[in-house]
2 protein chains.
Amino acid sequence: MLTIGEFSRLTHLSVRTLRRYHEAALLEPAVVDGTTGYRYYGVDQIPTAQVIHRLRELDVPLSDVQRILRTPDPGVRSALVTDHLQRLEDVLDRTRAAVVSLRRLLQPDPAPIDVELRAEPARTVAAVEAVVGHHDISAWYAGAMAELEAAVGAAVTGPPGGSYDNALFEQERGHAVVYLPTAAPPRTGRVHPATLPAAELAVTTHVGEHDGIEVTYGELGTWVVENAMSVAGPVREVYIVGPRDTSDPAAWRTEIGWPVFRVT
Amino acid sequence: MLTIGEFSRLTHLSVRTLRRYHEAALLEPAVVDGTTGYRYYGVDQIPTAQVIHRLRELDVPLSDVQRILRTPDPGVRSALVTDHLQRLEDVLDRTRAAVVSLRRLLQPDPAPIDVELRAEPARTVAAVEAVVGHHDISAWYAGAMAELEAAVGAAVTGPPGGSYDNALFEQERGHAVVYLPTAAPPRTGRVHPATLPAAELAVTTHVGEHDGIEVTYGELGTWVVENAMSVAGPVREVYIVGPRDTSDPAAWRTEIGWPVFRVT
DNA sequence: GTGGACTCTCCCCCGGGGGGAGCGTTCAGA
DNA sequence: TCTGAACGCTCCCCCCGGGGGAGAGTCCAC
């Protein structure tokens with residue numbers, strides 16, 4: 001039996017943190033003295049403590065750590081861990097994107113953007129839609145687009161696009177639509193016909209990988225306001241040239257269209 | 001002038017967060033109506049908002065964001081940013097280390113470790129010591145060891161080593177010593193003679209890169225307890241084979257010695 | 001038996017947000 | 001010109017995963 005201090009020295013977890021883990025039923029001392037409240041740990045709890053320590057270093061929430069520890073089947077358990085490692089990869093991607101954006105933002109010479117005002121008629125397309133979290137977008141997009149391409153096949157009549165609720169960016173969660181234009185939209189699985197409403201769009205083209213796209217959004221937003229307009233409705237993107245066309249990100253072209261209306 | 005809602009849509013920052021940034025004097029609205037308290041933002045504040053957004057995505061604390069924004073000189077500013085990116089790299093390293101440890105911990109078949117009980121006599125070495133943070137250790141170690149090697153030169157009589165306070169791991173901050181053994185320890189810069197006290201050490205050898213070393217610590221700790229002993233004093237490491245000897249991490253050998261005493 | 005090290009609980013603090021109540025303001029359409 | 005919806009305001013409490021410190025009780029070796 002080890003006192004909490006000894007256990008702390010052996011696991012490199014602070015005494016405070018150990019108490020917290022006890023309270024959270026994450027790592028219960030082998031024995032708790034009923035009268036003094038003293039916690040005593042067993043040597044066999046060291047590996048568990050270490051697993052917790054590592055998982056916490058990977059920013060796995062305590063609740064998930066608990067779920068992982070309570071999973072007896074090692075296969076299932078390592079699947080849970082792998083899952084978190086995947087999430088870590090996603091975080092890494094976002095970090096990379098933020099770095100690219102930041103570099104572009106801190107660039108002293110921002111080239112002015114070309115914005116075109118365009119009246120877009122309503123049109124019906126093959127779409128997949130969902131309420132999705134900001135951070136899950138790219139994974140969701142990949143799945144949805146794959147399904148769309150399978151359903152539409154060669155009947156595609158233009159580049160793919162998407163429509164994204166502003167709430168998606170403001171509250172991390174919102175409605176998203178991705179679509180492929182086609183003459184007769186099928187209805188299979190998540191794919192179904194959908195109508196993009198007519199709108200007056202302020203359109204600009206983002207060149208290059210998606211990582212810096214938020215900066216272009218900002219520039220477009222500035223343009224909109226400076227031209228005495230206001231935004232109305234979800235932003236639209238059209239992937240004129242994308243990863244399906246070329247693997248060279250520098251050649252990618254993304255049209256960003258923000259529905260606007262004239263103020264005054 | 002933009003209302004907070006409009007500004008929110010344009011910058012993809014939530015209204016709540018914008019108010020928070022105002023409160024923190026991070027991003028003050030261009031105009032605040034004195035009677036209604038309504039916040040109004042200027043179009044020219046969009047780039048600033050975006051910079052903040054990206055920095056926050058990189059987990060830069062608001063206080064540091066503020067410092068960066070208030071730095072007028074673009075050179076100094078980008079230096080601050082680069083600094084944070086460096087810190088990000090360090091986080092990444094720790095993440096990688098945690099992943100390695102985790103894989104080793106979840107391995108079903110942990111080979112038993114060899115532990116030797118050794119009475120180490122006191123000895124005087126050339127040392128550099130400091131109170132450092134857990135996360136700054138590797139950088140500090142690199143600098144200290146470079147200084148040591150420059151001071152001692154060819155008079156080295158054995159592999160380098162270190163002694164690390166337990167507080168370093170428990171409270172993220174503690175006393176650390178790195179040393180090179182030599183007959184006549186010099187006194188230059190941070191380098192000075194120091195005496196490693198005699199101790200009874202439980203010694204084991206960690207093979208491979210340092211990333212998984214915490215696991216070996218745990219195994220050593222288990223051994224210590226199972227052999228009716230208790231730890232006393234800072235842990236010692238001796239870098240028998242390290243990056244100065246070979247660039248192949250798999251060949252590295254690190255002796256870990258934990259001062260122990262027998263418990264009845 | 002005593003002193004110092006250790007441990008206990010309890011409360012408040014941090015950062016960076018989110019949810020919601022309750023109320024005031026704006027503005028476009030009737 | 002009125003009115004109601006949408007929007008804005010402040011205020012309070014919540015989340016996570018810890019840290020600091022007070023004040024009191026406990027353990028153990030000398």
# chains A, B, ... in the order shown; residues from 1 in each chain; ligands from 1
$ closest_atom_pairs --of "chain C" --to "stretch 12-21 of chain D" --cutoff "8 Å" --atoms "only C-alpha atoms (C1' of nucleotides)" --output "JSON lines"
{"residue": "C:DC13", "atom": "C1'", "partner": "D:DG20", "partner_atom": "C1'", "distance": 7.9}
{"residue": "C:DG18", "atom": "C1'", "partner": "D:DC15", "partner_atom": "C1'", "distance": 7.9}
{"residue": "C:DG19", "atom": "C1'", "partner": "D:DC14", "partner_atom": "C1'", "distance": 7.9}
$ select_by_dssp --residues "stretch 123-195 of chain A" --states "alpha helix (DSSP H)" --output "PyMOL selection string"
chain A and resi 137-152+167-170
$ residues_around --residues "B:Pro159" --least-positions-apart "2" --cutoff "9 Å" --atoms "only C-alpha atoms (C1' of nucleotides)" --output "list in words"
Val156, Thr157, Gly161, Leu180, Pro181, Val238, Tyr239, Ile240, Val241 and Gly242 of chain B
$ residues_around --residues "stretch 41-46 of chain A" --least-positions-apart "3" --cutoff "8 Å" --atoms "only C-alpha atoms (C1' of nucleotides)" --output "compact mmCIF listing (two decimals) with all heavy atoms, in the first residue's frame"
# COMPACT_ATOMS: atom_id res chain seq x y z
N MET A 1 0.84 -1.21 0.00
CA MET A 1 0.00 0.00 0.00
C MET A 1 0.87 1.26 0.00
O MET A 1 1.81 1.40 0.77
CB MET A 1 -0.88 0.02 1.27
CG MET A 1 -2.13 -0.83 1.17
SD MET A 1 -3.21 -0.56 -0.23
CE MET A 1 -2.54 -1.71 -1.42
N LEU A 2 0.53 2.17 -0.88
CA LEU A 2 1.29 3.41 -1.01
C LEU A 2 0.43 4.58 -0.57
O LEU A 2 -0.75 4.64 -0.89
CB LEU A 2 1.66 3.62 -2.48
CG LEU A 2 2.48 2.51 -3.14
CD1 LEU A 2 2.38 2.60 -4.64
CD2 LEU A 2 3.91 2.61 -2.69
N THR A 3 1.04 5.51 0.13
CA THR A 3 0.29 6.73 0.45
C THR A 3 0.19 7.56 -0.83
O THR A 3 0.88 7.31 -1.81
CB THR A 3 1.01 7.57 1.51
OG1 THR A 3 2.24 8.04 0.95
CG2 THR A 3 1.31 6.76 2.75
N ILE A 4 -0.66 8.55 -0.79
CA ILE A 4 -0.89 9.35 -2.00
C ILE A 4 0.40 10.05 -2.42
O ILE A 4 0.66 10.21 -3.63
CB ILE A 4 -2.04 10.35 -1.77
CG1 ILE A 4 -2.56 10.86 -3.11
CG2 ILE A 4 -1.61 11.50 -0.87
CD1 ILE A 4 -3.84 11.65 -3.02
N PHE A 7 2.64 7.48 -4.14
CA PHE A 7 2.06 7.16 -5.45
C PHE A 7 2.29 8.32 -6.41
O PHE A 7 2.59 8.12 -7.59
CB PHE A 7 0.56 6.89 -5.29
CG PHE A 7 -0.07 6.21 -6.46
CD1 PHE A 7 0.23 4.90 -6.76
CD2 PHE A 7 -0.97 6.90 -7.26
CE1 PHE A 7 -0.36 4.26 -7.85
CE2 PHE A 7 -1.56 6.27 -8.35
CZ PHE A 7 -1.26 4.96 -8.65
N LEU A 10 5.75 8.20 -7.72
CA LEU A 10 5.98 7.10 -8.64
C LEU A 10 5.31 7.31 -9.99
O LEU A 10 5.75 6.79 -11.00
CB LEU A 10 5.48 5.78 -8.02
CG LEU A 10 6.31 5.28 -6.83
CD1 LEU A 10 5.65 4.08 -6.19
CD2 LEU A 10 7.71 4.93 -7.30
N THR A 11 4.23 8.05 -10.01
CA THR A 11 3.49 8.20 -11.26
C THR A 11 3.69 9.56 -11.91
O THR A 11 3.27 9.78 -13.02
CB THR A 11 1.99 8.03 -11.02
OG1 THR A 11 1.57 9.03 -10.07
CG2 THR A 11 1.68 6.66 -10.46
N PRO A 29 -8.48 4.91 -5.17
CA PRO A 29 -7.45 4.27 -4.35
C PRO A 29 -7.91 2.86 -3.99
O PRO A 29 -9.11 2.61 -3.85
CB PRO A 29 -7.41 5.15 -3.10
CG PRO A 29 -8.05 6.43 -3.50
CD PRO A 29 -9.01 6.12 -4.58
N ALA A 30 -6.94 1.94 -3.87
CA ALA A 30 -7.29 0.57 -3.54
C ALA A 30 -7.98 0.52 -2.18
O ALA A 30 -8.92 -0.25 -1.96
CB ALA A 30 -6.03 -0.30 -3.54
N VAL A 31 -7.52 1.35 -1.26
CA VAL A 31 -8.09 1.38 0.09
C VAL A 31 -8.27 2.83 0.51
O VAL A 31 -7.39 3.67 0.27
CB VAL A 31 -7.14 0.70 1.10
CG1 VAL A 31 -7.66 0.89 2.53
CG2 VAL A 31 -6.97 -0.78 0.77
N ALA A 49 -2.47 4.60 -13.81
CA ALA A 49 -2.21 6.03 -13.63
C ALA A 49 -1.41 6.57 -14.81
O ALA A 49 -1.65 7.69 -15.28
CB ALA A 49 -1.43 6.25 -12.33
N GLN A 50 -0.50 5.78 -15.30
CA GLN A 50 0.30 6.25 -16.43
C GLN A 50 -0.52 6.38 -17.70
O GLN A 50 -0.34 7.32 -18.46
CB GLN A 50 1.46 5.30 -16.64
CG GLN A 50 2.51 5.45 -15.56
CD GLN A 50 3.78 4.72 -15.90
OE1 GLN A 50 3.73 3.58 -16.33
NE2 GLN A 50 4.90 5.38 -15.71
N GLY B 218 7.70 3.98 -14.44
CA GLY B 218 6.62 3.30 -13.72
C GLY B 218 7.02 1.89 -13.34
O GLY B 218 6.78 1.44 -12.22
N THR B 222 7.37 0.31 -9.62
CA THR B 222 6.73 -0.91 -9.17
C THR B 222 7.74 -1.84 -8.52
O THR B 222 7.50 -2.40 -7.45
CB THR B 222 6.07 -1.62 -10.38
OG1 THR B 222 5.17 -0.71 -11.00
CG2 THR B 222 5.34 -2.87 -9.93
N VAL B 225 8.70 -0.69 -5.01
CA VAL B 225 7.69 -0.97 -3.99
C VAL B 225 7.59 -2.46 -3.70
O VAL B 225 7.50 -2.88 -2.55
CB VAL B 225 6.34 -0.41 -4.43
CG1 VAL B 225 5.28 -0.79 -3.42
CG2 VAL B 225 6.42 1.11 -4.57
N GLU B 226 7.63 -3.25 -4.76
CA GLU B 226 7.49 -4.69 -4.56
C GLU B 226 8.67 -5.27 -3.81
O GLU B 226 8.59 -6.35 -3.25
CB GLU B 226 7.34 -5.38 -5.92
CG GLU B 226 5.94 -5.22 -6.48
CD GLU B 226 5.77 -5.89 -7.83
OE1 GLU B 226 6.80 -6.22 -8.46
OE2 GLU B 226 4.62 -6.06 -8.25
$ closest_residue --among "A:Val215, A:Leu18, A:Ala119, A:Ala250" --to "A:Leu102" --atoms "only C-alpha atoms"
A:Val215
$ interface_residues --of "chain A" --to "chain B" --cutoff "6 Å" --atoms "only C-alpha atoms" --output "PyMOL selection string"
chain A and resi 10+12-14+43+54+98+169-170+221-222
$ residues_around --residues "C:DG24" --least-positions-apart "3" --cutoff "12 Å" --atoms "only C-alpha atoms (C1' of nucleotides)" --output "PyMOL selection string"
(chain B and resi 35-38) or (chain D and resi 7-10)
$ write_last_selection --atoms "N, CA, C and O atoms (P, O5', C5', C4', C3', O3' and C1' of nucleotides)" --output "mmCIF file, in the first residue's frame"
data_model
loop_
_atom_site.group_PDB
_atom_site.id
_atom_site.type_symbol
_atom_site.label_atom_id
_atom_site.label_comp_id
_atom_site.auth_asym_id
_atom_site.auth_seq_id
_atom_site.Cartn_x
_atom_site.Cartn_y
_atom_site.Cartn_z
ATOM 1 N N THR B 35 -25.646 55.658 -24.416
ATOM 2 C CA THR B 35 -26.907 55.445 -23.697
ATOM 3 C C THR B 35 -27.396 54.009 -23.797
ATOM 4 O O THR B 35 -27.866 53.438 -22.830
ATOM 5 N N THR B 36 -27.248 53.380 -24.973
ATOM 6 C CA THR B 36 -27.778 52.025 -25.125
ATOM 7 C C THR B 36 -26.743 50.950 -24.844
ATOM 8 O O THR B 36 -27.096 49.797 -24.613
ATOM 9 N N GLY B 37 -25.469 51.320 -24.908
ATOM 10 C CA GLY B 37 -24.431 50.324 -24.713
ATOM 11 C C GLY B 37 -24.172 49.493 -25.952
ATOM 12 O O GLY B 37 -23.362 48.567 -25.928
ATOM 13 N N TYR B 38 -24.862 49.789 -27.042
ATOM 14 C CA TYR B 38 -24.691 49.025 -28.287
ATOM 15 C C TYR B 38 -23.273 49.196 -28.807
ATOM 16 O O TYR B 38 -22.721 50.288 -28.796
ATOM 17 P P DC D 7 -31.917 38.715 -36.362
ATOM 18 O "O5'" DC D 7 -31.156 39.681 -35.340
ATOM 19 C "C5'" DC D 7 -31.130 41.070 -35.646
ATOM 20 C "C4'" DC D 7 -30.883 41.845 -34.386
ATOM 21 C "C3'" DC D 7 -29.680 41.358 -33.568
ATOM 22 O "O3'" DC D 7 -28.616 42.277 -33.752
ATOM 23 C "C1'" DC D 7 -31.504 42.083 -32.217
ATOM 24 P P DG D 8 -27.204 41.967 -33.068
ATOM 25 O "O5'" DG D 8 -27.338 42.736 -31.670
ATOM 26 C "C5'" DG D 8 -27.320 44.153 -31.648
ATOM 27 C "C4'" DG D 8 -27.509 44.642 -30.231
ATOM 28 C "C3'" DG D 8 -26.513 44.048 -29.230
ATOM 29 O "O3'" DG D 8 -25.544 45.033 -28.882
ATOM 30 C "C1'" DG D 8 -28.760 44.013 -28.389
ATOM 31 P P DC D 9 -24.428 44.640 -27.809
ATOM 32 O "O5'" DC D 9 -25.133 44.806 -26.379
ATOM 33 C "C5'" DC D 9 -25.493 46.101 -25.944
ATOM 34 C "C4'" DC D 9 -26.146 46.037 -24.572
ATOM 35 C "C3'" DC D 9 -25.341 45.249 -23.544
ATOM 36 O "O3'" DC D 9 -24.465 46.112 -22.860
ATOM 37 C "C1'" DC D 9 -27.672 44.682 -23.449
ATOM 38 P P DT D 10 -23.310 45.425 -21.990
ATOM 39 O "O5'" DT D 10 -24.042 44.958 -20.655
ATOM 40 C "C5'" DT D 10 -24.772 45.898 -19.880
ATOM 41 C "C4'" DT D 10 -25.486 45.176 -18.735
ATOM 42 C "C3'" DT D 10 -24.536 44.440 -17.777
ATOM 43 O "O3'" DT D 10 -24.889 44.761 -16.446
ATOM 44 C "C1'" DT D 10 -26.205 42.947 -18.602
#
$ residues_around --residues "C:DG4" --least-positions-apart "3" --cutoff "12 Å" --atoms "only C-alpha atoms (C1' of nucleotides)" --output "list in words"
DT26, DC27, DC28, DA29 and DC30 of chain D
$ write_last_selection --atoms "N, CA, C and O atoms (P, O5', C5', C4', C3', O3' and C1' of nucleotides)" --output "PDB file, in the first residue's frame"
ATOM      1  P    DT D  26      -7.667  12.332  13.303  1.00  0.00           P
ATOM      2  O5'  DT D  26      -6.329  11.852  12.560  1.00  0.00           O
ATOM      3  C5'  DT D  26      -6.245  11.886  11.174  1.00  0.00           C
ATOM      4  C4'  DT D  26      -4.941  11.254  10.716  1.00  0.00           C
ATOM      5  C3'  DT D  26      -4.357  10.138  11.570  1.00  0.00           C
ATOM      6  O3'  DT D  26      -3.829   9.182  10.676  1.00  0.00           O
ATOM      7  C1'  DT D  26      -2.764  11.834  11.318  1.00  0.00           C
ATOM      8  P    DC D  27      -3.532   7.688  11.180  1.00  0.00           P
ATOM      9  O5'  DC D  27      -1.981   7.533  10.850  1.00  0.00           O
ATOM     10  C5'  DC D  27      -1.534   7.899   9.554  1.00  0.00           C
ATOM     11  C4'  DC D  27      -0.031   8.089   9.558  1.00  0.00           C
ATOM     12  C3'  DC D  27       0.758   7.012  10.285  1.00  0.00           C
ATOM     13  O3'  DC D  27       1.671   6.492   9.347  1.00  0.00           O
ATOM     14  C1'  DC D  27       1.467   9.193  10.945  1.00  0.00           C
ATOM     15  P    DC D  28       2.400   5.085   9.595  1.00  0.00           P
ATOM     16  O5'  DC D  28       3.829   5.582  10.078  1.00  0.00           O
ATOM     17  C5'  DC D  28       4.505   6.590   9.339  1.00  0.00           C
ATOM     18  C4'  DC D  28       5.714   7.083  10.103  1.00  0.00           C
ATOM     19  C3'  DC D  28       6.384   6.012  10.969  1.00  0.00           C
ATOM     20  O3'  DC D  28       7.768   6.174  10.838  1.00  0.00           O
ATOM     21  C1'  DC D  28       5.912   7.888  12.273  1.00  0.00           C
ATOM     22  P    DA D  29       8.733   4.892  10.861  1.00  0.00           P
ATOM     23  O5'  DA D  29      10.142   5.606  11.010  1.00  0.00           O
ATOM     24  C5'  DA D  29      10.314   6.926  10.466  1.00  0.00           C
ATOM     25  C4'  DA D  29      11.169   7.772  11.396  1.00  0.00           C
ATOM     26  C3'  DA D  29      12.225   7.000  12.190  1.00  0.00           C
ATOM     27  O3'  DA D  29      13.402   7.780  12.293  1.00  0.00           O
ATOM     28  C1'  DA D  29      10.748   8.068  13.691  1.00  0.00           C
ATOM     29  P    DC D  30      14.734   7.163  12.916  1.00  0.00           P
ATOM     30  O5'  DC D  30      15.011   8.151  14.130  1.00  0.00           O
ATOM     31  C5'  DC D  30      14.943   9.562  13.909  1.00  0.00           C
ATOM     32  C4'  DC D  30      14.725  10.267  15.239  1.00  0.00           C
ATOM     33  C3'  DC D  30      15.722   9.865  16.335  1.00  0.00           C
ATOM     34  O3'  DC D  30      16.360  11.041  16.813  1.00  0.00           O
ATOM     35  C1'  DC D  30      13.484   9.785  17.144  1.00  0.00           C
TER      36       DC D  30
END
$ atom_distance --atom1 "atom CA of B:Gly153" --atom2 "atom CA of B:Ala139"
21.0 Å
$ interface_residues --of "chain C" --to "chain A" --cutoff "9 Å" --atoms "only C-alpha atoms (C1' of nucleotides)" --output "MDAnalysis selection string"
chainID C and resid 6:8
$ write_last_selection --atoms "N, CA, C and O atoms (P, O5', C5', C4', C3', O3' and C1' of nucleotides)" --output "compact mmCIF listing (two decimals), in the first residue's frame"
# COMPACT_ATOMS: atom_id res chain seq x y z
P DC C 6 7.06 14.77 3.50
O5' DC C 6 5.53 14.29 3.52
C5' DC C 6 5.22 13.06 4.16
C4' DC C 6 3.78 13.04 4.56
C3' DC C 6 2.79 13.36 3.43
O3' DC C 6 2.21 12.13 3.00
C1' DC C 6 2.11 14.22 5.55
P DT C 7 1.25 12.09 1.75
O5' DT C 7 -0.20 12.44 2.33
C5' DT C 7 -0.82 11.56 3.24
C4' DT C 7 -2.11 12.18 3.74
C3' DT C 7 -3.03 12.70 2.64
O3' DT C 7 -4.11 11.78 2.46
C1' DT C 7 -2.91 14.18 4.51
P DC C 8 -5.26 12.12 1.43
O5' DC C 8 -6.29 13.00 2.29
C5' DC C 8 -6.96 12.38 3.38
C4' DC C 8 -7.79 13.39 4.14
C3' DC C 8 -8.70 14.23 3.25
O3' DC C 8 -9.95 13.58 3.09
C1' DC C 8 -7.59 15.59 4.88
